[in-house]
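**Q** Input model.pdb, format and content: PDB, C-alpha atoms and all ligand atoms.
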MODEL        1
ATOM      1  CA  MET A 804     116.794  34.472 200.027
ATOM      2  CA  ALA A 805     120.496  34.661 199.474
ATOM      3  CA  LEU A 806     121.616  35.454 195.973
ATOM      4  CA  SER A 807     123.954  32.945 194.396
ATOM      5  CA  ARG A 808     127.318  34.208 193.108
ATOM      6  CA  ARG A 809     126.262  33.349 189.533
ATOM      7  CA  ARG A 810     123.035  35.352 189.958
ATOM      8  CA  VAL A 811     124.941  38.355 191.378
ATOM      9  CA  LEU A 812     127.381  38.243 188.445
ATOM     10  CA  LYS A 813     124.476  37.992 185.988
ATOM     11  CA  VAL A 814     122.729  41.006 187.522
ATOM     12  CA  ALA A 815     126.005  42.960 187.619
ATOM     13  CA  GLY A 816     126.647  42.073 183.973
ATOM     14  CA  GLY A 817     123.178  43.217 183.016
ATOM     15  CA  LEU A 818     123.637  46.482 184.865
ATOM     16  CA  THR A 819     127.002  47.062 183.167
ATOM     17  CA  GLY A 820     125.467  46.367 179.781
ATOM     18  CA  GLY A 821     122.634  48.770 180.518
ATOM     19  CA  VAL A 822     125.008  51.487 181.614
ATOM     20  CA  LEU A 823     127.130  50.980 178.484
ATOM     21  CA  ALA A 824     124.042  51.075 176.243
ATOM     22  CA  ALA A 825     122.786  54.215 177.967
ATOM     23  CA  GLY A 826     126.252  55.740 177.609
ATOM     24  CA  THR A 827     126.312  54.983 173.891
ATOM     25  CA  ILE A 828     122.851  56.458 173.351
ATOM     26  CA  GLY A 829     123.879  59.492 175.394
ATOM     27  CA  PHE A 830     127.043  59.959 173.351
ATOM     28  CA  VAL A 831     125.140  59.724 170.061
ATOM     29  CA  TRP A 832     122.576  62.222 171.372
ATOM     30  CA  PHE A 833     125.304  64.570 172.626
ATOM     31  CA  ARG A 834     127.053  64.527 169.248
ATOM     32  CA  ARG A 835     123.781  65.154 167.454
ATOM     33  CA  VAL A 836     123.012  68.186 169.593
ATOM     34  CA  PHE A 837     126.411  69.811 169.736
ATOM     35  CA  ASP A 838     128.195  68.742 166.553
ATOM     36  CA  PRO A 839     127.239  71.210 163.816
ATOM     37  CA  LYS A 840     128.671  69.044 161.064
ATOM     38  CA  THR A 841     125.895  66.629 160.168
ATOM     39  CA  PRO A 842     126.362  66.722 156.387
ATOM     40  CA  LEU A 843     123.634  67.862 154.031
ATOM     41  CA  GLY A 844     123.941  65.228 151.325
ATOM     42  CA  TYR A 845     121.899  67.022 148.650
ATOM     43  CA  PRO A 846     123.467  66.726 145.186
ATOM     44  CA  PHE A 847     124.502  70.097 143.763
ATOM     45  CA  PRO A 848     123.132  71.093 140.352
ATOM     46  CA  ASP A 849     125.740  70.882 137.567
ATOM     47  CA  GLU A 850     126.390  74.596 137.307
ATOM     48  CA  GLY A 851     127.003  75.039 141.058
ATOM     49  CA  GLY A 852     129.972  76.759 142.591
ATOM     50  CA  LEU A 853     131.454  80.223 142.670
ATOM     51  CA  ALA A 854     129.889  82.212 139.881
ATOM     52  CA  ALA A 855     133.097  83.163 138.061
ATOM     53  CA  ALA A 856     131.193  85.463 135.727
ATOM     54  CA  LEU A 857     129.670  87.413 138.599
ATOM     55  CA  PRO A 858     131.546  90.423 139.960
ATOM     56  CA  PRO A 859     132.066  90.872 143.696
ATOM     57  CA  THR A 860     129.265  92.610 145.563
ATOM     58  CA  PRO A 861     129.786  96.395 145.184
ATOM     59  CA  GLY A 862     131.407  97.984 148.207
ATOM     60  CA  CYS A 863     132.570  94.638 149.572
ATOM     61  CA  ALA A 864     136.175  93.502 149.143
ATOM     62  CA  GLU A 865     136.335  90.939 151.929
ATOM     63  CA  ALA A 866     133.582  89.611 154.144
ATOM     64  CA  ASP A 867     133.693  87.873 157.522
ATOM     65  CA  VAL A 868     132.508  84.282 157.501
ATOM     66  CA  THR A 869     129.061  83.890 159.063
ATOM     67  CA  GLU A 870     129.470  82.522 162.571
ATOM     68  CA  SER A 871     128.464  78.942 163.214
ATOM     69  CA  GLN A 872     126.261  77.643 166.005
ATOM     70  CA  ILE A 873     125.271  74.250 167.352
ATOM     71  CA  GLU A 874     122.894  72.112 165.315
ATOM     72  CA  GLY A 875     120.609  71.324 168.262
ATOM     73  CA  PRO A 876     118.497  68.196 168.705
ATOM     74  CA  PHE A 877     115.778  68.918 166.153
ATOM     75  CA  TYR A 878     117.526  68.656 162.761
ATOM     76  CA  THR A 879     115.933  66.230 160.311
ATOM     77  CA  PRO A 880     117.927  65.394 157.156
ATOM     78  CA  ASN A 881     116.528  64.779 153.674
ATOM     79  CA  THR A 882     114.004  67.596 153.752
ATOM     80  CA  PRO A 883     111.742  68.458 150.797
ATOM     81  CA  LEU A 884     113.071  70.790 148.082
ATOM     82  CA  ARG A 885     110.909  73.912 148.458
ATOM     83  CA  ALA A 886     110.957  77.617 149.363
ATOM     84  CA  ASP A 887     107.645  77.674 151.248
ATOM     85  CA  LEU A 888     108.161  75.516 154.330
ATOM     86  CA  ARG A 889     104.536  75.585 155.493
ATOM     87  CA  GLU A 890     102.707  72.365 154.725
ATOM     88  CA  ARG A 891      99.528  73.419 156.491
ATOM     89  CA  ALA A 892      97.970  76.185 158.512
ATOM     90  CA  THR A 893     100.583  76.777 161.162
ATOM     91  CA  VAL A 894     100.616  78.839 164.335
ATOM     92  CA  GLY A 895     102.846  81.853 163.864
ATOM     93  CA  THR A 896     103.293  85.145 162.045
ATOM     94  CA  PRO A 897     104.156  84.658 158.360
ATOM     95  CA  LEU A 898     107.870  85.313 157.814
ATOM     96  CA  VAL A 899     109.887  85.680 154.618
ATOM     97  CA  ILE A 900     113.676  85.619 154.842
ATOM     98  CA  GLN A 901     115.668  86.585 151.786
ATOM     99  CA  GLY A 902     119.275  87.401 151.013
ATOM    100  CA  ARG A 903     122.334  86.100 149.268
ATOM    101  CA  VAL A 904     125.065  83.562 149.831
ATOM    102  CA  MET A 905     128.557  84.899 149.209
ATOM    103  CA  SER A 906     132.167  83.822 149.355
ATOM    104  CA  THR A 907     134.674  85.641 151.557
ATOM    105  CA  ASP A 908     135.785  87.641 148.496
ATOM    106  CA  CYS A 909     132.193  88.853 148.140
ATOM    107  CA  ARG A 910     131.265  86.859 145.063
ATOM    108  CA  PRO A 911     127.737  85.468 144.986
ATOM    109  CA  ILE A 912     127.603  81.686 145.186
ATOM    110  CA  ALA A 913     125.160  80.247 142.690
ATOM    111  CA  ARG A 914     123.426  76.939 143.467
ATOM    112  CA  ALA A 915     124.496  76.899 147.110
ATOM    113  CA  VAL A 916     122.188  74.743 149.199
ATOM    114  CA  LEU A 917     120.307  76.140 152.201
ATOM    115  CA  ASP A 918     118.434  73.805 154.562
ATOM    116  CA  PHE A 919     116.110  75.656 156.974
ATOM    117  CA  TRP A 920     114.235  74.320 159.987
ATOM    118  CA  GLY A 921     112.324  75.968 162.807
ATOM    119  CA  CYS A 922     109.527  75.581 165.328
ATOM    120  CA  ASP A 923     106.090  77.132 164.942
ATOM    121  CA  GLY A 924     104.852  80.244 166.695
ATOM    122  CA  ALA A 925     104.053  78.189 169.789
ATOM    123  CA  GLY A 926     107.622  76.865 170.048
ATOM    124  CA  VAL A 927     106.796  73.378 168.739
ATOM    125  CA  TYR A 928     108.956  71.493 166.201
ATOM    126  CA  ASP A 929     107.484  68.969 163.786
ATOM    127  CA  ASN A 930     109.879  66.122 164.579
ATOM    128  CA  LYS A 931     107.805  63.448 162.829
ATOM    129  CA  GLY A 932     107.217  65.208 159.525
ATOM    130  CA  PHE A 933     108.637  68.130 157.587
ATOM    131  CA  ASN A 934     106.387  71.081 158.404
ATOM    132  CA  LEU A 935     108.602  74.200 158.568
ATOM    133  CA  ARG A 936     111.538  72.260 157.124
ATOM    134  CA  GLY A 937     112.952  72.384 153.612
ATOM    135  CA  HIS A 938     115.999  72.964 151.443
ATOM    136  CA  GLN A 939     116.581  75.049 148.343
ATOM    137  CA  PHE A 940     119.421  76.196 146.073
ATOM    138  CA  THR A 941     120.433  79.803 145.462
ATOM    139  CA  ASP A 942     119.734  81.192 141.994
ATOM    140  CA  SER A 943     122.345  82.282 139.446
ATOM    141  CA  GLN A 944     122.866  85.491 141.464
ATOM    142  CA  GLY A 945     123.371  83.656 144.759
ATOM    143  CA  ALA A 946     119.966  84.783 146.034
ATOM    144  CA  PHE A 947     117.475  82.837 148.145
ATOM    145  CA  LEU A 948     114.005  83.431 149.568
ATOM    146  CA  VAL A 949     112.305  81.227 152.149
ATOM    147  CA  GLU A 950     108.738  81.442 153.479
ATOM    148  CA  THR A 951     107.970  80.192 156.970
ATOM    149  CA  VAL A 952     106.536  81.526 160.230
ATOM    150  CA  LYS A 953     108.258  83.381 163.019
ATOM    151  CA  PRO A 954     109.294  80.768 165.596
ATOM    152  CA  GLY A 955     108.182  81.108 169.182
ATOM    153  CA  ASP A 956     110.423  80.750 172.213
ATOM    154  CA  TYR A 957     110.705  77.370 173.922
ATOM    155  CA  ARG A 958     112.295  75.679 176.891
ATOM    156  CA  GLN A 959     114.946  73.040 176.276
ATOM    157  CA  PHE A 960     117.078  71.211 178.845
ATOM    158  CA  GLY A 961     116.362  73.918 181.414
ATOM    159  CA  ALA A 962     117.282  76.731 179.011
ATOM    160  CA  HIS A 963     114.744  79.196 177.641
ATOM    161  CA  ARG A 964     115.553  79.645 173.932
ATOM    162  CA  THR A 965     114.835  82.985 172.338
ATOM    163  CA  PRO A 966     113.151  82.820 168.893
ATOM    164  CA  HIS A 967     115.551  81.577 166.196
ATOM    165  CA  VAL A 968     115.610  79.926 162.780
ATOM    166  CA  HIS A 969     118.058  77.084 162.163
ATOM    167  CA  VAL A 970     119.914  76.787 158.869
ATOM    168  CA  LYS A 971     122.667  74.810 157.195
ATOM    169  CA  ALA A 972     124.332  76.278 154.111
ATOM    170  CA  GLN A 973     126.989  75.021 151.737
ATOM    171  CA  GLY A 974     128.296  75.795 148.266
ATOM    172  CA  ARG A 975     130.000  73.293 146.021
ATOM    173  CA  GLU A 976     133.359  74.840 146.911
ATOM    174  CA  THR A 977     132.738  75.943 150.494
ATOM    175  CA  SER A 978     132.726  74.520 153.973
ATOM    176  CA  LEU A 979     129.439  73.550 155.578
ATOM    177  CA  LEU A 980     127.921  76.268 157.770
ATOM    178  CA  THR A 981     125.462  75.353 160.522
ATOM    179  CA  THR A 982     124.000  78.317 162.354
ATOM    180  CA  GLN A 983     120.914  80.021 163.803
ATOM    181  CA  LEU A 984     119.331  83.376 162.941
ATOM    182  CA  TYR A 985     117.793  85.652 165.566
ATOM    183  CA  PHE A 986     115.248  88.471 165.769
ATOM    184  CA  PRO A 987     115.947  92.017 166.973
ATOM    185  CA  GLY A 988     114.454  93.292 170.211
ATOM    186  CA  GLU A 989     113.336  89.950 171.616
ATOM    187  CA  PRO A 990     112.987  90.029 175.434
ATOM    188  CA  LEU A 991     114.781  86.690 175.755
ATOM    189  CA  ASN A 992     117.787  87.595 173.588
ATOM    190  CA  GLY A 993     119.757  88.744 176.604
ATOM    191  CA  GLN A 994     119.010  85.556 178.550
ATOM    192  CA  ASP A 995     119.842  83.003 175.836
ATOM    193  CA  SER A 996     123.521  82.050 176.016
ATOM    194  CA  LEU A 997     123.460  81.063 172.334
ATOM    195  CA  PHE A 998     122.171  84.446 171.155
ATOM    196  CA  ASN A 999     124.654  86.194 168.872
ATOM    197  CA  GLU A1000     124.248  89.803 167.732
ATOM    198  CA  ALA A1001     126.091  88.996 164.482
ATOM    199  CA  LEU A1002     123.282  86.591 163.549
ATOM    200  CA  VAL A1003     120.353  88.980 163.950
ATOM    201  CA  LEU A1004     118.052  89.373 160.967
ATOM    202  CA  THR A1005     117.097  92.782 159.617
ATOM    203  CA  VAL A1006     113.306  92.647 160.019
ATOM    204  CA  ASP A1007     110.506  94.832 158.656
ATOM    205  CA  GLN A1008     106.813  94.400 159.437
ATOM    206  CA  ALA A1009     104.306  94.764 156.598
ATOM    207  CA  PRO A1010     100.953  96.514 157.119
ATOM    208  CA  ASP A1011      99.267  93.097 157.365
ATOM    209  CA  GLY A1012     101.547  92.142 160.247
ATOM    210  CA  SER A1013     103.679  89.658 158.299
ATOM    211  CA  LEU A1014     107.455  89.904 158.601
ATOM    212  CA  ARG A1015     110.087  90.341 155.915
ATOM    213  CA  ALA A1016     113.681  89.723 156.941
ATOM    214  CA  LEU A1017     117.068  90.071 155.285
ATOM    215  CA  PHE A1018     120.266  88.113 155.873
ATOM    216  CA  ASP A1019     123.364  87.475 153.756
ATOM    217  CA  PHE A1020     125.496  84.408 154.437
ATOM    218  CA  VAL A1021     129.262  84.336 153.913
ATOM    219  CA  LEU A1022     130.736  80.861 153.558
ATOM    220  CA  ALA A1023     134.350  79.847 154.123
ATOM    221  CA  PRO A1024     136.244  78.167 151.289
ATOM    222  CA  GLY A1025     136.305  74.413 151.419
ATOM    223  CA  ALA A1026     137.125  71.369 149.392
ATOM    224  CA  SER A1027     135.248  70.879 146.126
ATOM    225  CA  ILE A1028     132.449  68.390 146.462
TER     226      ILE A1028
HETATM  227 FE    FE B   1     115.862  75.441 167.967
ENDMDL
END
Any chance you could put this one into structure tokens?
Ligand code: FE
**A**
Amino acid sequence: MALSRRRVLKVAGGLTGGVLAAGTIGFVWFRRVFDPKTPLGYPFPDEGGLAAALPPTPGCAEADVTESQIEGPFYTPNTPLRADLRERATVGTPLVIQGRVMSTDCRPIARAVLDFWGCDGAGVYDNKGFNLRGHQFTDSQGAFLVETVKPGDYRQFGAHRTPHVHVKAQGRETSLLTTQLYFPGEPLNGQDSLFNEALVLTVDQAPDGSLRALFDFVLAPGASI
């Protein structure tokens, strides 16, 4: 049966619309994965900002800004306010990460917000709920402590990701940092193009097998929020 000209145009129009829709979805997805600037949107407590009363960290006159990384496809905004990210028994070795958030002149940043997210020990993200996701604010000394599990490795878009913890951090007077933290000695570190030696945690293992890690963030100055 021969197709009428009107029918051909209708089909062509539908195809064009489909391609455009797919292109739009693809563009939105691409931005979500590779743009590290999805804002946090959590209101800062009143006393936030650079702690003017706090002296610079001893032995530190100027610090390099923590390097940023892509956000990836698994960020969920509006996470619960909490330091323990585990909502239930979760596959993975218990992991505590603690440290401080500082300005480039080494002053602790009180009430900076940190939003952590990661997969479980089997490399699976909770993309429907908030298990292993949560935000918190640094204390008056710029310190934070987060409890989670050590993430497993996983395959994504043909790449094999080495274990990493995602985080966004921002002070009232700093730029937004989006980055990922890595583990020392992982076999896949050398094969993951995103791996960055400057973002490796200092990790100790406790007698019970749980992990305790240290990392200090340095945030670039930014507009007051
Ligand atoms: Fe990831």
**Q** May I have the residues within 7 Å of ligand FE 1 (chain B), computed using all atoms listed in the file, as a compact mmCIF listing (two decimals) with C-alpha atoms, in the coordinates of the input?
**A**
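Wrote out.txt, looks like this:
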# COMPACT_ATOMS: atom_id res chain seq x y z
CA GLY A 875 120.61 71.32 168.26
CA PHE A 877 115.78 68.92 166.15
CA GLY A 921 112.32 75.97 162.81
CA CYS A 922 109.53 75.58 165.33
CA HIS A 967 115.55 81.58 166.20
CA VAL A 968 115.61 79.93 162.78
CA HIS A 969 118.06 77.08 162.16
**Q** Name the residues that the PyMOL selection byres (((chain A and resi 894) around 8) and not hetatm) pulls out of this structure, and write them as an MDAnalysis selection string.
**A** chainID A and resid 892:893 895:896 923:925 952
**Q** In Å, rounded to a single decimal, give me how far CA of Asn934 (chain A) is from CA of Arg891 (chain A).
**A**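 Between CA of Arg891 (chain A) and CA of Asn934 (chain A) the gap works out to 7.5 Å.
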**Q** Is it possible to get the residues within 12 Å of (104.8, 89.1, 155.2) (coordinates as in the file, counting all atoms listed in the file) written as a list of chain:residue names?
**A**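 Result, sorted by chain then residue number: A:Gly895, A:Thr896, A:Pro897, A:Leu898, A:Val899, A:Ile900, A:Gln901, A:Val949, A:Glu950, A:Thr951, A:Val952, A:Lys953, A:Val1006, A:Asp1007, A:Gln1008, A:Ala1009, A:Pro1010, A:Asp1011, A:Gly1012, A:Ser1013, A:Leu1014, A:Arg1015, A:Ala1016.
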**Q** Could you give me, as a list of chain:residue names, the residues that have an atom at most 6 Å away from the point (118.4, 75.5, 158.8) in the coordinates of the file, using all atoms listed in the file?
**A**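 Checked against the point, the hits come out as A:Asp918, A:Phe919, A:Trp920, A:His969, A:Val970, A:Lys971.
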**Q** Per residue of region 858-973 of chain A within 8 Å of region 989-1000 of chain A, what are the shortest atom pair and its distance in Å to one decimal, counting only C-alpha atoms, with rows by chain and residue number, as CSV?
**A**
residue,atom,partner,partner_atom,distance
A:Gln872,CA,A:Leu997,CA,7.7
A:Ala962,CA,A:Asp995,CA,7.5
A:His963,CA,A:Asp995,CA,6.6
A:Arg964,CA,A:Asp995,CA,5.8
A:Thr965,CA,A:Leu991,CA,5.0
A:Pro966,CA,A:Glu989,CA,7.6
**Q** My list of candidates is A:Pro876, A:Pro1024, A:Gly844, A:Pro883. Which is closest to Phe933 (chain A) when distances are computed with all atoms listed in the file?
**A** A:Pro883
**Q** What is the CA of Asp942 (chain A) to CA of Ile873 (chain A) distance in Å?
**A**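 Those two atoms sit 26.9 Å apart.
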**Q** Could you state which residues are captured by the PyMOL selection byres (((chain A and resi 860) around 12) and not hetatm) in this file, as a tab-separated table (two decimals) with C-alpha atoms, in the coordinates of the input?
**A**
chain	number	residue	atom	x	y	z
A	854	ALA	CA	129.89	82.21	139.88
A	857	LEU	CA	129.67	87.41	138.60
A	858	PRO	CA	131.55	90.42	139.96
A	859	PRO	CA	132.07	90.87	143.70
A	861	PRO	CA	129.79	96.40	145.18
A	862	GLY	CA	131.41	97.98	148.21
A	863	CYS	CA	132.57	94.64	149.57
A	864	ALA	CA	136.18	93.50	149.14
A	865	GLU	CA	136.34	90.94	151.93
A	866	ALA	CA	133.58	89.61	154.14
A	903	ARG	CA	122.33	86.10	149.27
A	904	VAL	CA	125.06	83.56	149.83
A	905	MET	CA	128.56	84.90	149.21
A	906	SER	CA	132.17	83.82	149.35
A	907	THR	CA	134.67	85.64	151.56
A	908	ASP	CA	135.78	87.64	148.50
A	909	CYS	CA	132.19	88.85	148.14
A	910	ARG	CA	131.26	86.86	145.06
A	911	PRO	CA	127.74	85.47	144.99
A	912	ILE	CA	127.60	81.69	145.19
A	944	GLN	CA	122.87	85.49	141.46
A	945	GLY	CA	123.37	83.66	144.76
A	1019	ASP	CA	123.36	87.48	153.76
A	1021	VAL	CA	129.26	84.34	153.91
**Q** When distances are computed from only C-alpha atoms, which of A:Ala913, A:Thr869, A:Tyr928, A:Arg889 shows the smallest separation from Asp849 (chain A)?
**A** A:Ala913
**Q** Would you compute the distance between CA of Gly926 (chain A) and CA of Phe1020 (chain A)? Give it in Å to one decimal.
**A**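 For CA of Gly926 (chain A) relative to CA of Phe1020 (chain A), the distance reads 24.9 Å.
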**Q** For Val916 (chain A), which residue among A:Gly902, A:Pro880, A:Gly974, A:Pro842 is the nearest when counting only C-alpha atoms?
**A**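 Ranking A:Gly902, A:Pro880, A:Gly974, A:Pro842 by distance to Val916 (chain A), first place goes to A:Gly974.
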**Q** Around all the atoms of region 866-885 of chain A listed in the file, draw an axis-aligned box and extend it by 6 Å on each of the six sides; I want its centre and edge lengths in Å to one decimal, as AutoDock Vina command-line options.
**A**
--center_x 122.3 --center_y 77.2 --center_z 158.4 --size_x 34.8 --size_y 36.8 --size_z 32.6
